[in-house]
Amino acid sequence: MTELTRAQDLLASTILADGHNDLPWALRDKAGPNPVEAVAGVDLTVAQPTLHTDFPKLAEGKLGLQFWSVYVPCEFTGDSAVTAVLEQIEVVYQLAERYPERLRLVTTAEEAEAAFADGRIASLLGAEGGHSIAESLGVLRILRRLGVRYMTLTHNFNTTWADSGTDKPEHDGLTEFGREVVREMNRIGMLVDLSHVAPSTMRAAIEVSSAPVIFSHSSCRAVNDHPRNIPDDVLAQLPGNGGVAMITFVPAFISAAVTEWDNRLRDAMTAAGQEFLDLGQRGRFAETWDAPPKPKATIEDVVAHIEHAREVAGIDHLGLGGDYDGVGTLPEGLEDVSKYPALIAALMERGWSDEDCAKLAGRNTLRVLREVDAKR
């Protein structure tokens, strides 16, 4: 039996959980903000070459549980941010209604396991960007009532109450209101997602949180010194907290060569008076930028981050968060959601047991869901 066959067999009986997929925003990009039109505009039952995610690829990739990102860009603020996050939640609801034989909306680990047993992809919601609550604990509670199971405290820019990893520090991590947000998330059973935030915010949130935290799509700063990655001292706190670091596949986060290319792009944009952290501006600028081709990341880069995180945090605190359809390209060997078995096979080739691969694939993520719910 080859390792790839062994990996496919494992994922036929073990839930593969991914912490972050931006398909809802990719659909909005194609068809506009009306959730009905966004979902109706693309037939996901057939291969979609311009998307990383469709149902043929999902079937090949053996995905069992997906946190669909209900992302809101930082240029949306106040009421417009709240409107946008509600529209994105409705996109996921529309997806589940349009494809009931393939997706099932769930909110708990038990419901996820039942969906998997019935041959459905267990679908949960994750809000990306704390600015989407517009400084309102009431909006936070509404998102949880609508099924949102995690929220990243920031996106690329600081909020008024939390520091982002890619912005200039303002709050020494969290303000008092930021700490109140974390405590309220604990109370209502919403996972505190520390992807995108500054190390000071990570440390402050772990100190405040009475429940396990997650990183829905981050990798290791010791392997590649990118501000979106997790420092070792924070990884080392996960066993005490009970949380999970879901290792991401984003080339700029995992590959030093791609990070260096991105740094040159940032400098060029700054010189041209443009904002690198604005993803729309960045994409448009990169299309016309006169520079060497962007380097390629590889599946081996992802393996290096997973193995480092295992060494520092331990096997019980790892997961996966690919960020498919949230970036333009993915590493060679992990080009779309069909490729998860190749990653598990690569780890098996390095001596990983079926049990350890199962923990990485989804068991750790399901444990965190259970523990957060038990602490409510």
# chains A, B, ... in the order shown; residues from 1 in each chain; ligands from 1
$ residues_around --residues "Leu16 (chain A)" --least-positions-apart "2" --cutoff "9 Å" --atoms "only C-alpha atoms" --output "ChimeraX atom specification"
/A:11-12,14,18,62-66,320,340,358,360-363
$ residues_around --residues "Leu86 (chain A)" --least-positions-apart "2" --cutoff "12 Å" --atoms "only C-alpha atoms" --output "count of residues only"
34
$ select_by_dssp --residues "region 27-129 of chain A" --states "alpha helix (DSSP H)" --output "PyMOL selection string"
chain A and resi 27-31+35-40+55-61+78-98+109-117
$ residues_around --residues "Arg203 (chain A)" --least-positions-apart "2" --cutoff "12 Å" --atoms "only C-alpha atoms" --output "short mmCIF file (atom, residue, chain, number, x, y, z; two decimals) with C-alpha atoms, in the first residue's frame"
data_model
loop_
_atom_site.label_atom_id
_atom_site.label_comp_id
_atom_site.auth_asym_id
_atom_site.auth_seq_id
_atom_site.Cartn_x
_atom_site.Cartn_y
_atom_site.Cartn_z
CA ALA A 162 -6.74 44.79 19.44
CA ASP A 163 -3.39 44.95 17.65
CA ASP A 172 -0.04 46.67 23.78
CA GLY A 173 -2.12 43.74 22.56
CA LEU A 174 -5.65 44.24 23.91
CA ARG A 179 -10.29 41.69 27.05
CA LEU A 194 -5.59 34.48 17.06
CA VAL A 197 -3.11 39.32 15.54
CA ALA A 198 0.15 40.62 16.97
CA PRO A 199 2.19 38.42 19.34
CA SER A 200 1.28 40.82 22.17
CA THR A 201 -2.40 40.22 21.37
CA ALA A 205 -5.78 36.75 24.80
CA ILE A 206 -4.34 33.46 26.06
CA GLU A 207 -3.88 35.06 29.49
CA VAL A 208 -7.50 36.24 29.57
CA SER A 209 -9.18 33.26 27.92
CA VAL A 213 -7.93 29.36 21.61
CA ILE A 230 3.18 32.21 15.56
CA PRO A 231 6.27 32.72 17.76
CA ASP A 232 7.59 29.69 19.59
CA ASP A 233 6.81 31.07 23.05
CA VAL A 234 3.13 31.31 22.04
CA LEU A 235 3.12 27.82 20.50
CA ALA A 236 4.58 26.57 23.77
CA GLN A 237 1.57 27.97 25.66
CA LEU A 238 -0.95 25.89 23.70
CA ASN A 241 -4.38 26.49 27.20
#
$ select_by_dssp --residues "region 55-256 of chain A" --states "strand (DSSP E or B)" --output "JSON, numbers by chain"
{"A": [65, 66, 67, 68, 69, 70, 71, 103, 104, 105, 121, 122, 123, 124, 125, 126, 127, 128, 148, 149, 150, 151, 152, 162, 164, 174, 191, 192, 193, 197, 214, 215, 216, 217, 218, 220, 230, 244, 245, 246, 247]}
$ residues_around --residues "Thr2 (chain A)" --least-positions-apart "6" --cutoff "12 Å" --atoms "only C-alpha atoms" --output "list in words"
Gln8, Asp9, Pro341, Ala342, Ile344, Ala345, Ala346, Met348 and Glu349 of chain A
$ residues_around --residues "Asp267 (chain A)" --least-positions-apart "4" --cutoff "12 Å" --atoms "only C-alpha atoms" --output "CSV table (one decimal) with C-alpha atoms, in the first residue's frame"
chain,number,residue,atom,x,y,z
A,260,GLU,CA,11.2,38.3,0.5
A,261,TRP,CA,9.4,38.8,-2.8
A,262,ASP,CA,6.4,40.1,-0.9
A,263,ASN,CA,8.7,42.5,1.0
A,271,ALA,CA,7.2,54.2,-2.9
A,272,ALA,CA,4.2,54.5,-5.2
A,273,GLY,CA,2.0,55.8,-2.3
A,274,GLN,CA,-0.2,52.7,-2.1
A,275,GLU,CA,-1.2,50.5,0.8
A,276,PHE,CA,0.3,47.0,0.9
A,277,LEU,CA,-2.2,45.8,3.5
A,282,ARG,CA,-2.0,44.7,-3.6
A,285,PHE,CA,-0.4,46.6,-8.2
A,286,ALA,CA,1.2,43.2,-8.5
A,289,TRP,CA,4.7,45.4,-11.2
$ residues_around --residues "His52 (chain A)" --least-positions-apart "2" --cutoff "6 Å" --atoms "only C-alpha atoms" --output "PyMOL selection string"
chain A and resi 324-325+336
$ write_last_selection --atoms "C-alpha atoms" --output "tab-separated table (two decimals), in the first residue's frame"
chain	number	residue	atom	x	y	z
A	324	TYR	CA	-7.96	28.13	-0.07
A	325	ASP	CA	-9.63	30.75	-2.26
A	336	ASP	CA	-6.39	23.16	-4.41
